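What follows is a single structure, written as structure tokens, with notes after it.
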Amino acid sequence: MRILFITDLYPVKNNEETTPKTLLNFVKEWEKQGHKVDVIKPNFILNSFLRGKPFYKTGQHGNVLNINYWTPFWFDIKRKQLALLPSCLPDILTIAHMPSGILYADKLGVPFVAGVHNSDLEVLTNPLYEFHFKKRLKKALDNAKAIACRSFVIKDKLLKLYPEFESKTFTAPSGIDENIIHPSPFTRHPSPIKVLTCANLKKRKNVDKVIEACKGLESFELTVIGDGYERKRLEKLDKNVKFTGWLPHNKVLEKMSESDIFILPSVGETFGMVYLEAMACGCITICTKDDGIAGIIKNGENGFLTLPISSEIKKLLLNIKNMDNDSLKTLRYNSLQTIREYTSDKCAREYLQQIFKIL
């Protein structure tokens with residue numbers, strides 16, 4: 001099958017550190033499965049500069065066609081695209097992610113699948129977008145043949161806004177490389193209990209709530225991986241917390257394998273691959289209730305959900321510390337069984353199967 005994938009959330013080059021690779025991973029898996037994938041990256045030039053994203057000239061870069069626009073597709077995008085990639089429209093499955101990708105696909109006038117992220121919900125609910133973009137995005141979702149929500153939480157939120165989309169909406173989570181599934185041996189409450197968090201250190205990640213929760217707790221040791229504008233403030237909250245700064249991916253996985261509990265009570269997550277990776281490394285994993293991968297993590301069954309409040313996190317950590325041996329073993333077993341269903345290969349196959357069911 002030939003697939004046209006349209007999104008601005010896509011690295012043009014492999015060494016881009018600021019662009020998430022979650023959508024790139026879908027493309028890689030589909031290509032492994034024998035599909036031919038063309039990628040179009042519609043790029044607002046002003047947005048690139050405002051967000052500090054890498055800028056590339058309009059044209060073909062490997063399998064990525066980067067097309068720059070000063071305005072959000074108010075003109076004839078189809079003519080410009082056909083001049084650059086004339087063979088991509090006929091007999092093809094078009095999948096578009098992120099608001100710009102969805103609006104772009106809608107203007108092409110071809111059947112398409114819309115991939116919905118948190119940014120789409122922002123456009124649909126934030127008054128700043130009320131005048132123009134909300135109406136255009138809602139129209140594009142009406143026109144979409146199917147809607148792929150990036151998490152169970154996003155699907156629930158979208159259907160609360162537009163229940164009429166239910167029959168064509170499904171969940172399309174990301175998966176991890178199955179080779180990283182190496183849970184550490186079970187140890188009942190080592191001393192100290194090693195707690196880990198890993199994030200871009202900005203306010204919505206709520207790392208300060210984790211630090212406050214762990215402060216003064218006996219038998220707990222907290223490590224923070226990551227960097228960002230919040231780091232200096234966070235370092236002042238508790239001198240006993242170990243800050244590693246940014247680490248390469250393989251080193252992050254090593255730290256996870258050495259840890260007992262992983263927690264990141266962030267809000268506004270589209271998905272959160274870091275939680276799946278922590279589960280794959282054998283951590284008891286905690287995420288925010290009604291956010292991120294809630295729905296994959298089921299409270300008390302294969303991990304825990306919490307509110308991003310330091311007192312609630314502290315209470316949960318102490319409850320984990322007091323769990324009996326059999327309950328801990330069952331929790332870790334369930335977590336491992338869950339993560340084996342969320343490999344990148346399985347998730348990519350399921351994504352296309354869900355589309356075929358609806359179409």
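Labels used: A, B, ... for chains in the order of the structure tokens, numbers from 1 for residues in each chain, and numbers from 1 for ligands as shown.
Every protein or nucleic acid residue with an atom no more than 9 Å from segment 239-253 of chain A, counting only C-alpha atoms and leaving out same-chain residues fewer than 2 positions away, appears here: A:Ile180, A:Cys198, A:Ala199, A:Asn200, A:Ile211, A:Cys214, A:Lys215, A:Glu221, A:Leu222, A:Thr223, A:Val224, A:Ile225, A:Gly226, A:Asp227, A:Gly228, A:Arg231, A:Glu235, A:Lys236, A:Leu237, A:Lys255, A:Met256, A:Ser257, A:Glu258, A:Glu277, A:Ala278, A:Cys281.
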I need the residues from that last selection saved to file as a PDB file, in the first residue's frame (with N, CA and C atoms), if you can.
ATOM      1  N   ILE A 180      13.839  -3.206  24.125  1.00  0.00           N
ATOM      2  CA  ILE A 180      14.160  -2.556  25.401  1.00  0.00           C
ATOM      3  C   ILE A 180      13.373  -3.159  26.565  1.00  0.00           C
ATOM      4  N   CYS A 198      11.814  11.930  34.632  1.00  0.00           N
ATOM      5  CA  CYS A 198      12.579  12.314  33.445  1.00  0.00           C
ATOM      6  C   CYS A 198      11.694  13.187  32.573  1.00  0.00           C
ATOM      7  N   ALA A 199      12.165  14.400  32.280  1.00  0.00           N
ATOM      8  CA  ALA A 199      11.325  15.318  31.508  1.00  0.00           C
ATOM      9  C   ALA A 199      12.127  16.521  31.051  1.00  0.00           C
ATOM     10  N   ASN A 200      11.560  17.221  30.076  1.00  0.00           N
ATOM     11  CA  ASN A 200      11.998  18.574  29.777  1.00  0.00           C
ATOM     12  C   ASN A 200      11.508  19.433  30.943  1.00  0.00           C
ATOM     13  N   ILE A 211       9.406  16.542  43.762  1.00  0.00           N
ATOM     14  CA  ILE A 211      10.460  16.898  44.717  1.00  0.00           C
ATOM     15  C   ILE A 211       9.868  17.198  46.095  1.00  0.00           C
ATOM     16  N   CYS A 214       8.773  13.961  47.854  1.00  0.00           N
ATOM     17  CA  CYS A 214       9.867  13.098  48.335  1.00  0.00           C
ATOM     18  C   CYS A 214      10.677  13.740  49.461  1.00  0.00           C
ATOM     19  N   LYS A 215      10.571  15.050  49.581  1.00  0.00           N
ATOM     20  CA  LYS A 215      11.396  15.754  50.560  1.00  0.00           C
ATOM     21  C   LYS A 215      11.098  15.265  51.982  1.00  0.00           C
ATOM     22  N   GLU A 221      14.954   7.837  47.537  1.00  0.00           N
ATOM     23  CA  GLU A 221      16.026   8.598  46.886  1.00  0.00           C
ATOM     24  C   GLU A 221      15.531   9.019  45.509  1.00  0.00           C
ATOM     25  N   LEU A 222      15.503  10.328  45.255  1.00  0.00           N
ATOM     26  CA  LEU A 222      14.953  10.856  44.004  1.00  0.00           C
ATOM     27  C   LEU A 222      16.055  11.322  43.058  1.00  0.00           C
ATOM     28  N   THR A 223      15.925  10.897  41.782  1.00  0.00           N
ATOM     29  CA  THR A 223      16.802  11.359  40.718  1.00  0.00           C
ATOM     30  C   THR A 223      15.959  12.023  39.635  1.00  0.00           C
ATOM     31  N   VAL A 224      16.423  13.172  39.136  1.00  0.00           N
ATOM     32  CA  VAL A 224      15.725  13.915  38.087  1.00  0.00           C
ATOM     33  C   VAL A 224      16.610  13.952  36.844  1.00  0.00           C
ATOM     34  N   ILE A 225      16.104  13.398  35.745  1.00  0.00           N
ATOM     35  CA  ILE A 225      16.797  13.459  34.455  1.00  0.00           C
ATOM     36  C   ILE A 225      16.142  14.536  33.604  1.00  0.00           C
ATOM     37  N   GLY A 226      16.948  15.372  32.994  1.00  0.00           N
ATOM     38  CA  GLY A 226      16.402  16.384  32.094  1.00  0.00           C
ATOM     39  C   GLY A 226      16.979  17.748  32.348  1.00  0.00           C
ATOM     40  N   ASP A 227      16.656  18.662  31.457  1.00  0.00           N
ATOM     41  CA  ASP A 227      17.110  20.040  31.566  1.00  0.00           C
ATOM     42  C   ASP A 227      15.983  20.953  31.103  1.00  0.00           C
ATOM     43  N   GLY A 228      16.136  22.249  31.343  1.00  0.00           N
ATOM     44  CA  GLY A 228      15.114  23.191  30.943  1.00  0.00           C
ATOM     45  C   GLY A 228      15.131  24.423  31.832  1.00  0.00           C
ATOM     46  N   ARG A 231      15.060  24.284  35.754  1.00  0.00           N
ATOM     47  CA  ARG A 231      16.042  23.498  36.515  1.00  0.00           C
ATOM     48  C   ARG A 231      16.616  24.255  37.717  1.00  0.00           C
ATOM     49  N   GLU A 235      16.283  22.900  41.570  1.00  0.00           N
ATOM     50  CA  GLU A 235      17.459  22.485  42.340  1.00  0.00           C
ATOM     51  C   GLU A 235      17.477  23.104  43.733  1.00  0.00           C
ATOM     52  N   LYS A 236      16.796  24.242  43.892  1.00  0.00           N
ATOM     53  CA  LYS A 236      16.761  24.919  45.196  1.00  0.00           C
ATOM     54  C   LYS A 236      15.753  24.299  46.160  1.00  0.00           C
ATOM     55  N   LEU A 237      14.844  23.444  45.636  1.00  0.00           N
ATOM     56  CA  LEU A 237      13.775  22.899  46.484  1.00  0.00           C
ATOM     57  C   LEU A 237      14.283  21.852  47.463  1.00  0.00           C
ATOM     58  N   LYS A 255      19.189   4.167  33.647  1.00  0.00           N
ATOM     59  CA  LYS A 255      18.716   4.725  34.911  1.00  0.00           C
ATOM     60  C   LYS A 255      17.355   4.140  35.293  1.00  0.00           C
ATOM     61  N   MET A 256      16.502   3.941  34.299  1.00  0.00           N
ATOM     62  CA  MET A 256      15.200   3.341  34.571  1.00  0.00           C
ATOM     63  C   MET A 256      15.361   1.918  35.106  1.00  0.00           C
ATOM     64  N   SER A 257      16.275   1.167  34.498  1.00  0.00           N
ATOM     65  CA  SER A 257      16.493  -0.212  34.937  1.00  0.00           C
ATOM     66  C   SER A 257      17.046  -0.281  36.357  1.00  0.00           C
ATOM     67  N   GLU A 258      17.716   0.787  36.797  1.00  0.00           N
ATOM     68  CA  GLU A 258      18.266   0.836  38.150  1.00  0.00           C
ATOM     69  C   GLU A 258      17.268   1.370  39.172  1.00  0.00           C
ATOM     70  N   GLU A 277       8.437   3.292  28.393  1.00  0.00           N
ATOM     71  CA  GLU A 277       9.826   2.869  28.554  1.00  0.00           C
ATOM     72  C   GLU A 277      10.119   2.493  30.000  1.00  0.00           C
ATOM     73  N   ALA A 278       9.562   3.253  30.934  1.00  0.00           N
ATOM     74  CA  ALA A 278       9.762   2.939  32.352  1.00  0.00           C
ATOM     75  C   ALA A 278       9.132   1.599  32.705  1.00  0.00           C
ATOM     76  N   CYS A 281      11.249  -1.221  31.557  1.00  0.00           N
ATOM     77  CA  CYS A 281      12.456  -1.421  32.372  1.00  0.00           C
ATOM     78  C   CYS A 281      12.137  -1.937  33.776  1.00  0.00           C
TER      79      CYS A 281
END
DSSP helix (DSSP H, G or I) selection over segment 47-228 of chain A, as a PyMOL selection string: chain A and resi 47-51+77-84+98-108+118-125+127-129+133-143+152-161+163-168+178-180+203-205+207-214
Print the selection's residues with C-alpha atoms to a file, as a compact mmCIF listing (two decimals), in the first residue's frame.
# COMPACT_ATOMS: atom_id res chain seq x y z
CA ASN A 47 6.08 29.45 13.48
CA SER A 48 9.50 27.91 12.84
CA PHE A 49 11.28 31.04 13.97
CA LEU A 50 9.01 31.71 16.95
CA ARG A 51 9.47 28.16 18.29
CA ILE A 77 -1.83 24.50 -1.66
CA LYS A 78 -2.81 21.72 -4.05
CA ARG A 79 -1.24 23.41 -7.04
CA LYS A 80 2.01 24.02 -5.15
CA GLN A 81 2.18 20.45 -3.89
CA LEU A 82 1.41 18.85 -7.26
CA ALA A 83 4.21 20.87 -8.81
CA LEU A 84 6.61 19.32 -6.29
CA MET A 98 -1.56 17.84 14.03
CA PRO A 99 -3.77 20.86 13.18
CA SER A 100 -1.61 22.05 10.28
CA GLY A 101 -1.48 18.56 8.76
CA ILE A 102 -5.23 18.08 9.08
CA LEU A 103 -6.02 21.50 7.59
CA TYR A 104 -3.58 20.80 4.77
CA ALA A 105 -5.14 17.43 3.97
CA ASP A 106 -8.63 18.93 4.01
CA LYS A 107 -7.62 21.56 1.46
CA LEU A 108 -6.24 18.87 -0.83
CA ASN A 118 -3.45 17.66 22.44
CA SER A 119 -2.70 20.62 20.18
CA ASP A 120 -5.89 19.86 18.23
CA LEU A 121 -7.91 19.92 21.45
CA GLU A 122 -6.26 23.25 22.25
CA VAL A 123 -7.46 24.71 18.93
CA LEU A 124 -10.97 23.33 19.53
CA THR A 125 -11.31 24.67 23.10
CA PRO A 127 -10.92 31.04 22.96
CA LEU A 128 -7.83 32.39 21.16
CA TYR A 129 -8.67 30.12 18.21
CA PHE A 133 -9.00 28.07 13.29
CA LYS A 134 -11.59 26.28 15.44
CA LYS A 135 -14.20 26.42 12.67
CA ARG A 136 -11.70 25.27 10.05
CA LEU A 137 -10.44 22.39 12.18
CA LYS A 138 -13.98 21.27 13.09
CA LYS A 139 -14.89 21.32 9.38
CA ALA A 140 -11.79 19.27 8.55
CA LEU A 141 -12.66 16.69 11.23
CA ASP A 142 -16.19 16.51 9.80
CA ASN A 143 -14.67 15.74 6.42
CA PHE A 152 -7.50 7.14 25.32
CA VAL A 153 -7.67 10.45 27.20
CA ILE A 154 -7.67 12.50 23.99
CA LYS A 155 -10.36 10.27 22.50
CA ASP A 156 -12.59 10.75 25.54
CA LYS A 157 -12.10 14.52 25.47
CA LEU A 158 -12.77 14.78 21.74
CA LEU A 159 -15.97 12.72 21.94
CA LYS A 160 -17.24 14.85 24.82
CA LEU A 161 -16.89 17.84 22.51
CA PRO A 163 -20.09 12.83 20.19
CA GLU A 164 -21.15 12.65 16.54
CA PHE A 165 -17.60 11.50 15.69
CA GLU A 166 -17.83 8.31 17.75
CA SER A 167 -18.43 5.87 14.88
CA LYS A 168 -15.27 6.95 13.04
CA GLU A 178 10.44 -4.52 21.96
CA ASN A 179 14.21 -4.92 22.42
CA ILE A 180 14.16 -2.56 25.40
CA LYS A 203 6.27 24.00 34.56
CA ARG A 204 3.55 21.70 33.20
CA LYS A 205 5.73 18.64 33.94
CA VAL A 207 8.56 17.94 38.69
CA ASP A 208 8.42 20.35 41.65
CA LYS A 209 5.47 18.35 43.01
CA VAL A 210 7.58 15.18 42.93
CA ILE A 211 10.46 16.90 44.72
CA GLU A 212 8.14 18.29 47.39
CA ALA A 213 6.52 14.87 47.86
CA CYS A 214 9.87 13.10 48.33
Determine which residues of segment 168-327 of chain A receive a DSSP assignment of strand (DSSP E or B), computed from the backbone, and state them as a compact mmCIF listing (two decimals) with N, CA and C atoms, in the first residue's frame.
# COMPACT_ATOMS: atom_id res chain seq x y z
N THR A 169 -14.07 7.18 15.15
CA THR A 169 -12.93 7.55 15.99
C THR A 169 -12.35 6.32 16.67
N PHE A 170 -11.02 6.25 16.72
CA PHE A 170 -10.33 5.15 17.39
C PHE A 170 -9.06 5.69 18.06
N THR A 171 -8.42 4.86 18.85
CA THR A 171 -7.20 5.26 19.55
C THR A 171 -5.99 4.71 18.82
N ILE A 176 6.75 0.95 21.83
CA ILE A 176 8.18 1.01 22.07
C ILE A 176 8.89 -0.11 21.31
N ILE A 193 14.53 3.20 48.38
CA ILE A 193 13.67 3.01 47.21
C ILE A 193 14.03 4.10 46.21
N LYS A 194 14.45 3.71 45.02
CA LYS A 194 14.93 4.68 44.04
C LYS A 194 13.77 5.18 43.16
N VAL A 195 13.50 6.45 43.29
CA VAL A 195 12.43 7.11 42.52
C VAL A 195 13.08 7.92 41.41
N LEU A 196 12.52 7.84 40.22
CA LEU A 196 13.08 8.52 39.05
C LEU A 196 12.01 9.32 38.34
N THR A 197 12.37 10.51 37.86
CA THR A 197 11.52 11.26 36.94
C THR A 197 12.39 11.77 35.81
N CYS A 198 11.81 11.93 34.63
CA CYS A 198 12.58 12.31 33.44
C CYS A 198 11.69 13.19 32.57
N PHE A 220 13.66 6.91 50.71
CA PHE A 220 13.42 7.26 49.31
C PHE A 220 14.57 8.11 48.79
N GLU A 221 14.95 7.84 47.54
CA GLU A 221 16.03 8.60 46.89
C GLU A 221 15.53 9.02 45.51
N LEU A 222 15.50 10.33 45.26
CA LEU A 222 14.95 10.86 44.00
C LEU A 222 16.06 11.32 43.06
N THR A 223 15.92 10.90 41.78
CA THR A 223 16.80 11.36 40.72
C THR A 223 15.96 12.02 39.64
N VAL A 224 16.42 13.17 39.14
CA VAL A 224 15.72 13.91 38.09
C VAL A 224 16.61 13.95 36.84
N ILE A 225 16.10 13.40 35.74
CA ILE A 225 16.80 13.46 34.46
C ILE A 225 16.14 14.54 33.60
N LYS A 242 19.14 14.32 43.26
CA LYS A 242 20.22 14.24 42.27
C LYS A 242 19.69 14.66 40.90
N PHE A 243 20.30 15.68 40.31
CA PHE A 243 19.97 16.14 38.96
C PHE A 243 21.08 15.70 38.00
N THR A 244 20.72 14.94 36.99
CA THR A 244 21.72 14.44 36.05
C THR A 244 21.89 15.34 34.84
N GLY A 245 20.91 16.24 34.60
CA GLY A 245 20.89 16.97 33.34
C GLY A 245 20.38 16.08 32.23
N ILE A 261 10.72 3.09 41.11
CA ILE A 261 9.48 3.81 40.80
C ILE A 261 9.80 4.91 39.80
N PHE A 262 8.97 5.02 38.76
CA PHE A 262 9.05 6.15 37.84
C PHE A 262 7.77 6.97 37.97
N ILE A 263 7.93 8.29 38.12
CA ILE A 263 6.75 9.14 38.25
C ILE A 263 6.96 10.43 37.46
N LEU A 264 5.93 10.81 36.71
CA LEU A 264 5.92 12.09 36.02
C LEU A 264 4.47 12.59 36.00
N ILE A 284 7.77 0.53 38.71
CA ILE A 284 6.38 0.83 39.06
C ILE A 284 6.13 2.24 38.54
N THR A 285 5.19 2.39 37.62
CA THR A 285 5.05 3.64 36.86
C THR A 285 3.80 4.40 37.28
N ILE A 286 3.99 5.72 37.47
CA ILE A 286 2.91 6.59 37.94
C ILE A 286 2.75 7.74 36.96
N CYS A 287 1.53 7.95 36.48
CA CYS A 287 1.24 9.10 35.63
C CYS A 287 0.05 9.87 36.18
N THR A 288 -0.28 10.97 35.55
CA THR A 288 -1.35 11.83 36.02
C THR A 288 -2.71 11.27 35.63
N ALA A 294 -2.89 7.53 30.76
CA ALA A 294 -4.00 7.00 31.56
C ALA A 294 -4.94 6.28 30.60
N ILE A 297 -2.22 2.76 31.57
CA ILE A 297 -1.99 2.51 33.00
C ILE A 297 -3.33 2.53 33.71
N ASN A 299 -5.11 2.21 37.36
CA ASN A 299 -4.72 2.47 38.74
C ASN A 299 -4.78 1.23 39.63
N GLY A 303 0.05 -0.16 37.41
CA GLY A 303 0.72 1.10 37.72
C GLY A 303 -0.21 1.93 38.57
N PHE A 304 0.05 3.23 38.63
CA PHE A 304 -0.80 4.08 39.45
C PHE A 304 -1.06 5.41 38.76
N LEU A 305 -2.22 5.99 39.08
CA LEU A 305 -2.59 7.33 38.62
C LEU A 305 -2.63 8.25 39.84
N THR A 306 -2.24 9.48 39.63
CA THR A 306 -2.24 10.43 40.74
C THR A 306 -2.66 11.81 40.26
